[in-house]
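To be precise, the following lines are protein_18.cif, and they hold mmCIF, C-alpha atoms.
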```
data_run
#
loop_
_atom_site.label_atom_id
_atom_site.label_comp_id
_atom_site.auth_asym_id
_atom_site.auth_seq_id
_atom_site.Cartn_x
_atom_site.Cartn_y
_atom_site.Cartn_z
CA MET A 1 158.57 117.05 -83.13
CA ARG A 2 161.20 114.62 -81.95
CA ASN A 3 159.80 114.88 -78.46
CA LEU A 4 156.38 114.09 -79.77
CA ILE A 5 157.68 110.95 -81.48
CA TYR A 6 159.46 109.93 -78.27
CA LEU A 7 156.24 110.50 -76.41
CA ILE A 8 154.31 108.32 -78.83
CA ILE A 9 156.94 105.58 -78.61
CA ARG A 10 156.95 105.80 -74.85
CA PHE A 11 153.20 105.43 -74.61
CA SER A 12 152.82 103.13 -77.59
CA ALA A 13 151.96 100.17 -75.33
CA ILE A 14 149.02 101.84 -73.68
CA VAL A 15 147.87 103.41 -76.96
CA THR A 16 147.94 100.02 -78.70
CA PHE A 17 146.23 98.48 -75.71
CA ILE A 18 143.38 100.99 -75.72
CA ILE A 19 142.89 100.78 -79.49
CA LEU A 20 142.84 97.00 -79.43
CA GLU A 21 140.45 96.84 -76.46
CA CYS A 22 138.08 99.20 -78.26
CA LEU A 23 138.30 96.96 -81.31
CA CYS A 24 137.60 93.92 -79.11
CA PHE A 25 134.63 95.63 -77.55
CA TYR A 26 133.28 96.46 -80.97
CA LEU A 27 133.73 92.84 -82.05
CA ILE A 28 132.13 91.50 -78.86
CA VAL A 29 128.97 93.56 -79.05
CA ASN A 30 128.61 93.05 -82.79
CA TYR A 31 129.32 89.36 -83.28
CA ASN A 32 128.14 87.74 -80.05
CA LYS A 33 124.45 87.32 -79.55
CA SER A 34 124.04 87.41 -75.78
CA GLN A 35 126.60 90.17 -75.28
CA LYS A 36 124.93 92.15 -78.03
CA GLU A 37 121.59 91.89 -76.27
CA ILE A 38 123.02 92.85 -72.89
CA TRP A 39 124.78 95.81 -74.45
CA ALA A 40 121.69 96.94 -76.28
CA HIS A 41 119.64 96.60 -73.12
CA SER A 42 122.03 98.53 -70.88
CA SER A 43 122.61 101.27 -73.37
CA ASN A 44 118.86 101.52 -73.73
CA LEU A 45 118.54 101.93 -69.98
CA PHE A 46 120.88 104.88 -70.13
CA THR A 47 119.56 106.54 -73.26
CA GLY A 48 116.03 105.80 -72.12
CA ALA A 49 116.57 107.68 -68.88
CA VAL A 50 118.12 110.61 -70.71
CA ASN A 51 115.36 110.66 -73.30
CA LYS A 52 112.70 110.57 -70.61
CA ARG A 53 114.17 113.62 -68.90
CA LEU A 54 114.50 115.46 -72.20
CA ASN A 55 110.94 114.60 -73.03
CA ASN A 56 109.78 116.00 -69.68
CA VAL A 57 111.50 119.28 -70.48
CA TYR A 58 110.10 119.45 -73.99
CA SER A 59 106.59 118.59 -72.92
CA PHE A 60 106.73 121.41 -70.38
CA PHE A 61 107.05 123.88 -73.23
CA ASP A 62 104.16 122.21 -75.00
CA LEU A 63 101.85 122.37 -71.99
CA GLN A 64 100.13 125.53 -73.14
CA THR A 65 99.29 124.12 -76.54
CA THR A 66 98.20 120.85 -75.02
CA ASN A 67 95.97 122.68 -72.58
CA ASP A 68 94.39 124.73 -75.32
CA SER A 69 93.67 121.72 -77.45
CA LEU A 70 92.25 119.86 -74.45
CA LEU A 71 90.07 122.84 -73.68
CA LEU A 72 88.70 122.78 -77.19
CA GLU A 73 88.10 119.07 -76.99
CA ASN A 74 86.34 119.45 -73.64
CA ALA A 75 84.13 122.16 -75.09
CA ARG A 76 83.11 119.82 -77.92
CA LEU A 77 82.34 116.99 -75.53
CA LEU A 78 80.40 119.15 -73.12
CA GLU A 79 78.47 120.64 -76.03
CA THR A 80 77.55 117.18 -77.23
CA ILE A 81 76.43 116.11 -73.77
CA ILE A 82 74.31 119.19 -73.22
CA ASN A 83 72.63 118.96 -76.59
CA TYR A 84 72.12 115.23 -76.27
CA ARG A 85 70.46 115.71 -72.92
CA ILE A 86 68.02 118.22 -74.38
CA SER A 87 67.24 116.30 -77.52
CA SER A 88 66.74 112.83 -76.13
CA LYS A 89 67.13 112.17 -72.44
CA ASP A 90 64.53 114.40 -70.87
CA ASN A 91 62.51 115.13 -73.91
CA ARG A 92 59.00 113.78 -73.96
CA PHE A 93 58.29 115.41 -77.32
CA GLN A 94 61.15 113.69 -79.00
CA ALA A 95 58.93 111.96 -81.47
CA PHE A 96 57.53 115.29 -82.68
CA GLU A 97 60.79 117.14 -83.13
CA GLN A 98 63.59 116.88 -85.59
CA SER A 99 66.76 116.09 -83.74
CA ASP A 100 69.03 118.48 -85.66
CA SER A 101 66.79 121.40 -84.86
CA LEU A 102 67.47 120.74 -81.19
CA TYR A 103 71.16 121.19 -81.48
CA GLN A 104 70.89 124.60 -79.87
CA TYR A 105 73.88 125.14 -77.64
CA ASN A 106 77.44 125.96 -78.69
CA LEU A 107 80.29 126.28 -76.24
CA ILE A 108 83.12 128.78 -76.65
CA PRO A 109 86.19 127.85 -74.60
CA ALA A 110 87.96 130.76 -72.91
CA ARG A 111 90.77 131.34 -70.46
CA VAL A 112 90.27 133.40 -67.31
CA CYS A 113 92.37 136.58 -67.38
CA SER A 114 91.68 137.89 -63.91
CA LYS A 115 89.24 137.33 -61.11
CA THR A 116 88.15 138.69 -57.76
CA LEU A 117 86.55 136.50 -55.13
CA HIS A 118 86.81 138.30 -51.83
CA LEU A 119 84.55 141.24 -52.66
CA ARG A 120 80.82 141.62 -52.33
CA ASP A 121 80.49 141.91 -56.11
CA ASN A 122 82.88 139.52 -57.76
CA TYR A 123 83.78 139.43 -61.43
CA ILE A 124 86.10 137.47 -63.63
CA SER A 125 87.34 138.61 -67.00
CA LEU A 126 87.91 136.36 -69.96
CA CYS A 127 90.56 136.60 -72.65
CA LYS A 128 87.96 136.38 -75.39
CA GLY A 129 85.40 138.90 -76.53
CA ARG A 130 82.98 139.79 -79.29
CA ASN A 131 85.47 138.67 -81.92
CA ASP A 132 85.04 135.12 -80.69
CA GLY A 133 81.30 135.38 -80.47
CA ILE A 134 80.82 136.29 -76.83
CA GLN A 135 77.80 138.50 -76.16
CA PRO A 136 76.48 140.01 -72.91
CA GLY A 137 73.90 137.77 -71.31
CA MET A 138 75.50 134.47 -72.19
CA GLY A 139 76.01 131.93 -69.45
CA VAL A 140 79.46 130.77 -68.39
CA VAL A 141 80.09 127.26 -67.12
CA SER A 142 83.15 125.27 -66.16
CA GLU A 143 83.54 121.52 -66.36
CA HIS A 144 82.24 121.34 -62.78
CA GLY A 145 79.22 123.61 -63.02
CA VAL A 146 77.86 127.11 -63.33
CA VAL A 147 80.27 130.03 -63.12
CA GLY A 148 78.32 133.17 -64.00
CA ILE A 149 76.83 135.32 -66.72
CA VAL A 150 78.63 137.56 -69.21
CA LYS A 151 77.94 141.15 -68.23
CA SER A 152 79.79 143.04 -70.92
CA ALA A 153 82.09 142.22 -73.77
CA SER A 154 84.66 144.23 -75.71
CA THR A 155 86.27 143.03 -78.92
CA LYS A 156 88.88 140.95 -77.13
CA TYR A 157 87.75 140.69 -73.54
CA ALA A 158 84.61 139.96 -71.59
CA THR A 159 83.51 140.54 -68.00
CA VAL A 160 81.58 137.84 -66.24
CA LEU A 161 79.28 138.43 -63.31
CA LEU A 162 80.23 135.58 -61.02
CA LEU A 163 77.72 133.48 -59.11
CA LEU A 164 79.28 135.07 -56.05
CA ASN A 165 77.93 138.53 -56.80
CA SER A 166 75.12 140.31 -55.02
CA GLN A 167 73.52 141.03 -58.41
CA SER A 168 73.67 137.54 -59.76
CA ARG A 169 70.38 135.78 -60.40
CA VAL A 170 70.46 132.25 -61.68
CA SER A 171 67.42 130.15 -62.26
CA GLY A 172 67.80 126.74 -60.69
CA LYS A 173 65.74 123.68 -59.87
CA VAL A 174 65.83 120.67 -57.63
CA LYS A 175 67.01 117.87 -59.83
CA SER A 176 64.43 115.27 -60.79
CA LYS A 177 61.72 117.06 -58.75
CA GLU A 178 61.35 120.03 -61.10
CA TYR A 179 60.78 122.65 -58.38
CA SER A 180 62.47 125.76 -59.64
CA GLY A 181 63.68 128.84 -57.86
CA THR A 182 66.18 131.68 -58.05
CA LEU A 183 69.69 131.42 -56.74
CA LEU A 184 71.21 134.47 -55.05
CA TRP A 185 74.37 135.04 -53.13
CA THR A 186 73.37 136.68 -49.88
CA SER A 187 75.81 135.11 -47.47
CA SER A 188 79.45 136.08 -47.29
CA ASP A 189 80.53 132.47 -47.47
CA PRO A 190 81.83 131.76 -51.00
CA ASN A 191 80.49 128.20 -50.79
CA ILE A 192 76.89 128.96 -49.83
CA LEU A 193 74.19 130.25 -52.21
CA ASN A 194 70.65 131.07 -51.27
CA MET A 195 67.69 129.71 -53.23
CA ARG A 196 64.37 131.52 -53.11
CA ASN A 197 60.90 131.06 -54.55
CA VAL A 198 60.61 127.36 -53.94
CA PRO A 199 56.97 126.78 -52.85
CA LYS A 200 56.45 125.39 -49.40
CA HIS A 201 54.59 122.33 -50.59
CA ALA A 202 57.69 121.14 -52.38
CA GLU A 203 59.09 117.86 -51.09
CA ILE A 204 62.74 118.62 -50.72
CA ALA A 205 65.39 117.04 -48.54
CA ILE A 206 68.85 117.89 -47.38
CA GLY A 207 71.37 116.63 -49.93
CA ASP A 208 69.15 117.05 -52.99
CA THR A 209 71.07 118.22 -56.03
CA ILE A 210 70.42 121.67 -57.45
CA VAL A 211 70.91 122.13 -61.17
CA THR A 212 70.12 124.87 -63.66
CA SER A 213 66.55 124.92 -64.86
CA GLY A 214 67.15 125.80 -68.47
CA TYR A 215 64.29 128.27 -68.38
CA SER A 216 66.52 131.27 -68.83
CA VAL A 217 68.46 131.97 -72.01
CA ALA A 218 71.81 131.83 -70.26
CA PHE A 219 72.18 128.20 -69.25
CA PRO A 220 71.22 124.89 -70.70
CA PRO A 221 69.31 122.63 -68.32
CA GLU A 222 70.93 120.21 -65.90
CA ILE A 223 74.20 122.02 -65.32
CA PRO A 224 75.14 121.16 -61.71
CA ILE A 225 75.32 123.88 -59.08
CA GLY A 226 75.34 122.29 -55.64
CA LYS A 227 73.49 120.38 -52.94
CA ILE A 228 70.90 121.47 -50.43
CA LYS A 229 72.63 122.15 -47.13
CA ASN A 230 69.61 123.19 -45.09
CA PHE A 231 66.28 124.88 -45.64
CA ALA A 232 63.65 126.77 -43.67
CA LEU A 233 60.34 128.46 -44.26
CA GLU A 234 60.63 132.20 -44.39
CA GLY A 235 58.70 133.85 -41.63
CA GLY A 236 55.03 134.07 -42.69
CA GLY A 237 55.86 133.39 -46.32
CA ASN A 238 54.92 130.69 -48.74
CA ASP A 239 58.44 129.98 -49.91
CA TYR A 240 61.35 128.01 -48.65
CA SER A 241 64.69 129.67 -48.13
CA ILE A 242 67.24 127.06 -49.08
CA ASN A 243 70.95 127.20 -48.46
CA VAL A 244 72.80 125.52 -51.29
CA HIS A 245 76.33 124.31 -50.85
CA LEU A 246 78.43 124.78 -54.00
CA ASP A 247 79.90 121.51 -55.23
CA TYR A 248 83.05 123.05 -56.63
CA ASP A 249 85.59 125.70 -55.78
CA LEU A 250 85.00 128.83 -57.86
CA SER A 251 88.36 130.27 -56.81
CA SER A 252 90.30 127.62 -58.69
CA ILE A 253 88.77 127.98 -62.14
CA ASP A 254 91.18 128.75 -64.95
CA TYR A 255 89.24 127.69 -68.01
CA VAL A 256 85.58 128.24 -68.67
CA TYR A 257 83.08 127.68 -71.47
CA VAL A 258 80.74 130.39 -72.62
CA VAL A 259 77.34 129.03 -73.58
CA ASN A 260 75.94 130.31 -76.83
CA PHE A 261 72.24 129.58 -77.17
CA GLU A 262 71.31 129.91 -80.82
CA ASP A 263 67.82 131.31 -80.36
CA ARG A 264 68.93 133.53 -77.51
CA GLU A 265 67.70 136.82 -78.92
CA GLU A 266 64.36 135.45 -79.94
CA LYS A 267 63.72 133.93 -76.55
CA SER A 268 64.96 136.92 -74.53
CA GLU A 269 62.85 139.31 -76.60
CA LEU A 270 59.83 137.25 -75.82
CA ILE A 271 60.60 137.20 -72.12
CA GLU A 272 61.19 140.94 -72.05
CA GLU A 273 57.87 141.57 -73.79
CA LEU A 274 56.24 139.57 -71.06
CA ASN A 275 57.86 141.63 -68.36
CA GLU A 276 56.79 144.99 -69.80
CA MET B 1 168.26 85.39 -80.48
CA ASN B 2 166.87 83.65 -83.48
CA SER B 3 166.45 80.45 -81.55
CA ILE B 4 164.34 82.27 -78.91
CA VAL B 5 161.95 83.51 -81.58
CA GLN B 6 161.77 80.06 -83.14
CA ARG B 7 161.22 78.46 -79.78
CA ASN B 8 158.38 80.85 -78.93
CA ILE B 9 156.70 80.28 -82.27
CA ILE B 10 156.91 76.52 -81.93
CA ARG B 11 155.63 76.70 -78.37
CA ALA B 12 152.75 78.95 -79.42
CA VAL B 13 151.73 76.58 -82.21
CA PHE B 14 151.97 73.59 -79.91
CA ILE B 15 149.99 75.12 -77.04
CA LEU B 16 147.34 76.48 -79.39
CA ALA B 17 147.02 73.07 -80.99
CA VAL B 18 146.60 71.42 -77.59
CA GLN B 19 144.15 74.08 -76.50
CA LEU B 20 141.99 74.10 -79.60
CA LEU B 21 142.10 70.49 -80.64
CA LEU B 22 142.15 68.79 -77.27
CA LEU B 23 141.25 70.96 -74.28
CA LYS B 24 138.39 72.71 -76.00
CA ARG B 25 136.58 69.39 -76.25
CA ILE B 26 137.01 68.44 -72.62
CA ASP B 27 133.85 69.15 -70.74
CA ILE B 28 133.72 68.25 -67.07
CA THR B 29 130.20 68.45 -65.73
CA PHE B 30 128.66 67.03 -62.59
CA GLU B 31 124.97 67.85 -62.73
CA SER B 32 124.88 71.62 -62.13
CA PHE B 33 128.62 71.87 -61.55
CA ASN B 34 130.16 72.94 -64.84
CA TYR B 35 132.75 75.43 -63.77
CA ILE B 36 135.87 73.64 -65.02
CA HIS B 37 137.23 74.73 -68.38
CA PHE B 38 140.85 74.11 -69.29
CA THR B 39 142.32 77.32 -70.63
CA ILE B 40 146.10 77.27 -70.91
CA TYR B 41 146.87 79.35 -73.97
CA PRO B 42 147.52 82.66 -72.06
CA ILE B 43 150.76 81.00 -70.94
CA ILE B 44 152.12 81.75 -74.41
CA ILE B 45 152.02 85.43 -73.57
CA ALA B 46 153.39 84.88 -70.08
CA LEU B 47 156.39 82.95 -71.44
CA LEU B 48 157.41 85.52 -74.04
CA PRO B 49 161.00 86.72 -73.45
CA TYR B 50 161.43 89.31 -70.72
CA LYS B 51 162.94 91.86 -73.08
CA SER B 52 160.08 91.85 -75.62
CA SER B 53 158.70 95.33 -76.24
CA LYS B 54 155.47 96.10 -74.39
CA THR B 55 153.66 97.09 -77.58
CA LEU B 56 154.68 93.89 -79.29
CA VAL B 57 153.39 91.83 -76.36
CA VAL B 58 150.04 93.62 -76.49
CA LEU B 59 149.80 92.99 -80.23
CA ILE B 60 150.74 89.33 -79.87
CA GLY B 61 148.16 88.97 -77.10
CA PHE B 62 145.49 90.41 -79.33
CA VAL B 63 146.38 88.18 -82.28
CA ILE B 64 146.46 85.01 -80.17
CA GLY B 65 143.16 85.91 -78.50
CA LEU B 66 141.52 86.59 -81.84
CA PHE B 67 142.84 83.30 -83.21
CA VAL B 68 141.37 81.40 -80.26
CA ASP B 69 138.13 83.32 -80.70
CA LEU B 70 137.79 82.06 -84.25
CA PHE B 71 137.73 78.51 -82.94
CA TYR B 72 135.58 79.22 -79.88
CA ASP B 73 133.12 81.16 -82.05
CA SER B 74 133.18 84.12 -79.67
CA LEU B 75 134.74 86.91 -81.69
CA GLY B 76 136.45 89.45 -79.42
CA ILE B 77 135.97 87.88 -76.01
CA HIS B 78 139.24 85.98 -75.70
CA ALA B 79 140.99 88.76 -77.60
CA ALA B 80 139.88 91.35 -75.07
CA ALA B 81 141.01 89.26 -72.10
CA CYS B 82 144.35 88.44 -73.72
CA THR B 83 145.04 92.03 -74.69
CA LEU B 84 144.36 93.17 -71.15
CA VAL B 85 146.59 90.60 -69.53
CA ALA B 86 149.32 91.22 -72.10
CA TYR B 87 149.19 94.89 -71.27
CA LEU B 88 149.40 94.12 -67.54
CA ARG B 89 152.32 91.72 -67.95
CA PRO B 90 155.10 94.27 -67.27
CA TYR B 91 153.34 95.41 -64.11
CA ILE B 92 152.99 91.83 -62.82
CA LEU B 93 156.69 91.30 -63.53
CA ASN B 94 157.46 94.52 -61.69
CA ILE B 95 155.64 93.34 -58.57
CA LEU B 96 157.40 89.97 -58.58
CA SER B 97 160.84 91.36 -59.42
CA PRO B 98 163.56 89.19 -57.83
CA VAL B 99 166.18 90.85 -55.61
CA GLU B 100 168.91 90.71 -58.24
CA GLY B 101 166.54 91.76 -61.05
CA TYR B 102 165.64 89.87 -64.22
CA LYS B 103 168.96 88.57 -65.53
CA LYS B 104 167.68 85.79 -67.73
CA ASP B 105 165.41 86.31 -70.70
CA GLY B 106 163.31 83.17 -70.29
CA LEU B 107 160.58 83.59 -67.68
CA THR B 108 160.43 79.91 -66.76
CA ALA B 109 160.73 77.68 -63.71
CA HIS B 110 164.11 76.63 -65.03
CA GLY B 111 165.39 80.18 -64.85
CA TYR B 112 163.83 81.61 -61.68
CA GLY B 113 162.68 78.58 -59.71
CA LEU B 114 159.30 76.93 -59.31
CA PRO B 115 157.89 79.16 -56.48
CA TRP B 116 158.50 82.34 -58.45
CA PHE B 117 157.09 80.73 -61.57
CA LEU B 118 154.00 79.58 -59.71
CA SER B 119 153.22 83.02 -58.31
CA TYR B 120 153.90 84.72 -61.67
CA VAL B 121 151.80 82.34 -63.74
CA GLY B 122 149.20 82.19 -60.95
CA ILE B 123 148.59 85.93 -61.02
CA PHE B 124 148.79 86.02 -64.79
CA MET B 125 146.33 83.20 -65.33
CA PHE B 126 143.89 84.35 -62.71
CA ILE B 127 143.66 87.83 -64.20
CA SER B 128 143.21 86.46 -67.69
CA LEU B 129 140.58 83.89 -66.65
CA PHE B 130 138.63 86.27 -64.48
CA THR B 131 138.59 88.85 -67.28
CA LEU B 132 137.65 86.19 -69.77
CA TYR B 133 134.64 84.93 -67.83
CA SER B 134 133.55 88.43 -66.89
CA ILE B 135 133.49 89.44 -70.53
CA GLU B 136 131.79 86.19 -71.46
CA ALA B 137 128.98 86.89 -68.99
CA PHE B 138 129.17 90.60 -69.87
CA SER B 139 127.25 91.57 -66.77
CA PHE B 140 128.16 91.48 -63.09
CA VAL B 141 124.70 90.18 -62.37
CA TYR B 142 126.32 86.76 -62.77
CA ILE B 143 129.19 87.54 -60.38
CA LYS B 144 128.79 84.24 -58.50
CA GLU B 145 129.14 82.15 -61.66
CA ILE B 146 132.03 84.29 -62.83
CA VAL B 147 133.97 83.81 -59.60
CA LEU B 148 133.28 80.08 -59.32
CA ARG B 149 134.19 79.49 -62.93
CA SER B 150 137.36 81.57 -62.62
CA ILE B 151 138.54 79.74 -59.49
CA PHE B 152 137.90 76.19 -60.66
CA SER B 153 139.17 76.77 -64.19
CA PHE B 154 142.17 78.55 -62.73
CA LEU B 155 143.11 75.60 -60.53
CA ALA B 156 142.62 73.07 -63.32
CA SER B 157 144.54 75.11 -65.89
CA LEU B 158 147.36 75.92 -63.49
CA PHE B 159 147.70 72.22 -62.74
CA LEU B 160 148.14 71.45 -66.43
CA ILE B 161 150.61 74.29 -66.92
CA VAL B 162 152.81 73.22 -64.01
CA ILE B 163 152.81 69.64 -65.25
CA GLY B 164 153.81 70.83 -68.70
CA GLN B 165 156.52 73.00 -67.23
CA LEU B 166 157.88 70.08 -65.20
CA ILE B 167 157.80 67.72 -68.18
CA PHE B 168 159.41 70.01 -70.76
CA ASN B 169 161.33 72.20 -68.33
CA PRO B 170 162.20 74.78 -71.03
CA LYS B 171 165.16 77.08 -70.63
CA TYR B 172 163.46 79.93 -72.47
#
```
Transcribe the structure of this file into structure tokens.
Amino acid sequence: MRNLIYLIIRFSAIVTFIILECLCFYLIVNYNKSQKEIWAHSSNLFTGAVNKRLNNVYSFFDLQTTNDSLLLENARLLETIINYRISSKDNRFQAFEQSDSLYQYNLIPARVCSKTLHLRDNYISLCKGRNDGIQPGMGVVSEHGVVGIVKSASTKYATVLLLLNSQSRVSGKVKSKEYSGTLLWTSSDPNILNMRNVPKHAEIAIGDTIVTSGYSVAFPPEIPIGKIKNFALEGGGNDYSINVHLDYDLSSIDYVYVVNFEDREEKSELIEELNE
Amino acid sequence: MNSIVQRNIIRAVFILAVQLLLLKRIDITFESFNYIHFTIYPIIIALLPYKSSKTLVVLIGFVIGLFVDLFYDSLGIHAAACTLVAYLRPYILNILSPVEGYKKDGLTAHGYGLPWFLSYVGIFMFISLFTLYSIEAFSFVYIKEIVLRSIFSFLASLFLIVIGQLIFNPKY
């Protein structure tokens, strides 16, 4: 105890000095305007940098939620665009139809669980199923364009037949020229699709945009697919064989939207009747 | 002993009066050249008796600085500079220790000669002025102004102090 007191006495000068300097500093930054501002500014620089880093870390943990909410928002926007396009832009019967009856397409956002791309028959599976309203036969699009068609759905998962599948058949058309045809994947190049059944009198050119026709129940019209890369008449036939270059990279999709057409069953029944 | 305390108190009151009533009002400015400020009051701390306790010197430095601050309307700035230089005083004295050691209590030109006094007060004043102007600017962005102001004020103040020392030539 005595030693402690000696110690305090011995260092009393420096202790007093430090205490008084702290007091001075407090007085300076509290009662002097310019010093106060400089202090506030510099301490803000420091705390700002720290806060920014912290925020980066926190936002990383929020990314998943943010992504999900963005996905939902995107689905809403895309839905609105698709329905707007049908109801007003390309509709010559607009005057005869009630606009709310044309609100036919709903989009269900879903995350891709797994996918194959290197096989002859490629599938992706989605983390949503019948519980979320996904039914076999629905079309699947991404924000860039067509992805595929739902082949089967369980309660929680769904399998999608990708565009890059030997069994896939998607009805497409040349944009703004209204020549329609069927898109198949016959090449082994994951960027090239083949379009058949386009009549040979059609005036098409390299670089024309191919979009969905909207004739099938799976896809709404005007969803982009790709551009014409080259075309040729099939030997002795009446149809063009068109190679279509995909505009987007199917291997990089993570989020997709499943298209729910409200009158799907009605329309598909009718088409099936026709085929029988 | 008593007379030393009295002497120091009277000197402190006198120097503070000169500083606050007279020197504070002097403003030497030539166009953009306004680096001269007469600041002599740290000499009070420098001239305290050699044997004063370190803690007491630090406390006195703080009180004097705070008192000056009240008049300069800059609460804490002069106090911080004074406290620092008061704390450093023993170390400055250590560096300048004469060969035979400090035998006399009064740290004046009368006791130890003018050259020693000049170097002691020179170091003392320069540290206090440089600290003072650094804290006043509060940012080393203004390092050029700080240095210029310190040097010119230092020369002017030292001039006054030496004149005062020669006129009064105090023993303590």
For this session: Determine the residue set returned by the PyMOL selection byres ((chain B) within 12 of (chain A)) for the present structure, and present it as a ChimeraX atom specification.
Result: /B:52-63,65-66,69-70,72-90,132,134-141
For this session: Select, from A:Ser114, A:Asn44, A:Asn56, A:Ser152, the residue with the minimum atom-to-atom distance to Arg130 (chain A), counting all atoms listed in the file.
Result: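 Using all atoms listed in the file, the shortest distance to Arg130 (chain A) belongs to A:Ser152.
With all atoms listed in the file as the atoms that count, the minimum distance from Asp105 (chain B) to the choices B:Leu148, B:Leu20, B:Ile127, B:Leu47 is reached by B:Leu47.
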Problem set entry | Atomic separation - CA of Thr182 (chain A) relative to CA of Gly237 (chain A), Å | 15.7 Å
Excluding region 107-112 of chain A and its own-chain neighbours fewer than 5 positions away, which residues fall within 7 Å of it when counting all atoms listed in the file? Please give them as a PDB file with C-alpha atoms, in the coordinates of the input.
```pdb
ATOM      1  CA  LEU A  71      90.070 122.840 -73.680  1.00  0.00           C
ATOM      2  CA  LEU A  72      88.700 122.780 -77.190  1.00  0.00           C
ATOM      3  CA  ALA A  75      84.130 122.160 -75.090  1.00  0.00           C
ATOM      4  CA  GLU A  79      78.470 120.640 -76.030  1.00  0.00           C
ATOM      5  CA  ILE A 124      86.100 137.470 -63.630  1.00  0.00           C
ATOM      6  CA  SER A 125      87.340 138.610 -67.000  1.00  0.00           C
ATOM      7  CA  LEU A 126      87.910 136.360 -69.960  1.00  0.00           C
ATOM      8  CA  CYS A 127      90.560 136.600 -72.650  1.00  0.00           C
ATOM      9  CA  LYS A 128      87.960 136.380 -75.390  1.00  0.00           C
ATOM     10  CA  ASP A 254      91.180 128.750 -64.950  1.00  0.00           C
ATOM     11  CA  TYR A 255      89.240 127.690 -68.010  1.00  0.00           C
ATOM     12  CA  VAL A 256      85.580 128.240 -68.670  1.00  0.00           C
ATOM     13  CA  TYR A 257      83.080 127.680 -71.470  1.00  0.00           C
ATOM     14  CA  VAL A 258      80.740 130.390 -72.620  1.00  0.00           C
ATOM     15  CA  VAL A 259      77.340 129.030 -73.580  1.00  0.00           C
ATOM     16  CA  ASN A 260      75.940 130.310 -76.830  1.00  0.00           C
TER      17      ASN A 260
END
```
Exercise. Which distance in Å separates CA of Pro190 (chain A) and CA of Lys156 (chain A), to one decimal?
Worked result: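 Between CA of Pro190 (chain A) and CA of Lys156 (chain A) the gap is 28.6 Å.
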For this session: For the file shown, report as JSON, numbers by chain the outcome of the PyMOL selection byres ((chain B and resi 18) around 12) at residue level.
Result: {"B": [11, 12, 13, 14, 15, 16, 17, 19, 20, 21, 22, 23, 24, 25, 26, 38, 39, 40, 41, 68, 160, 161, 164]}
Seminar exercise, completed: Students should find that CA of Val141 (chain A) and CA of Phe219 (chain A) are spaced 8.2 Å
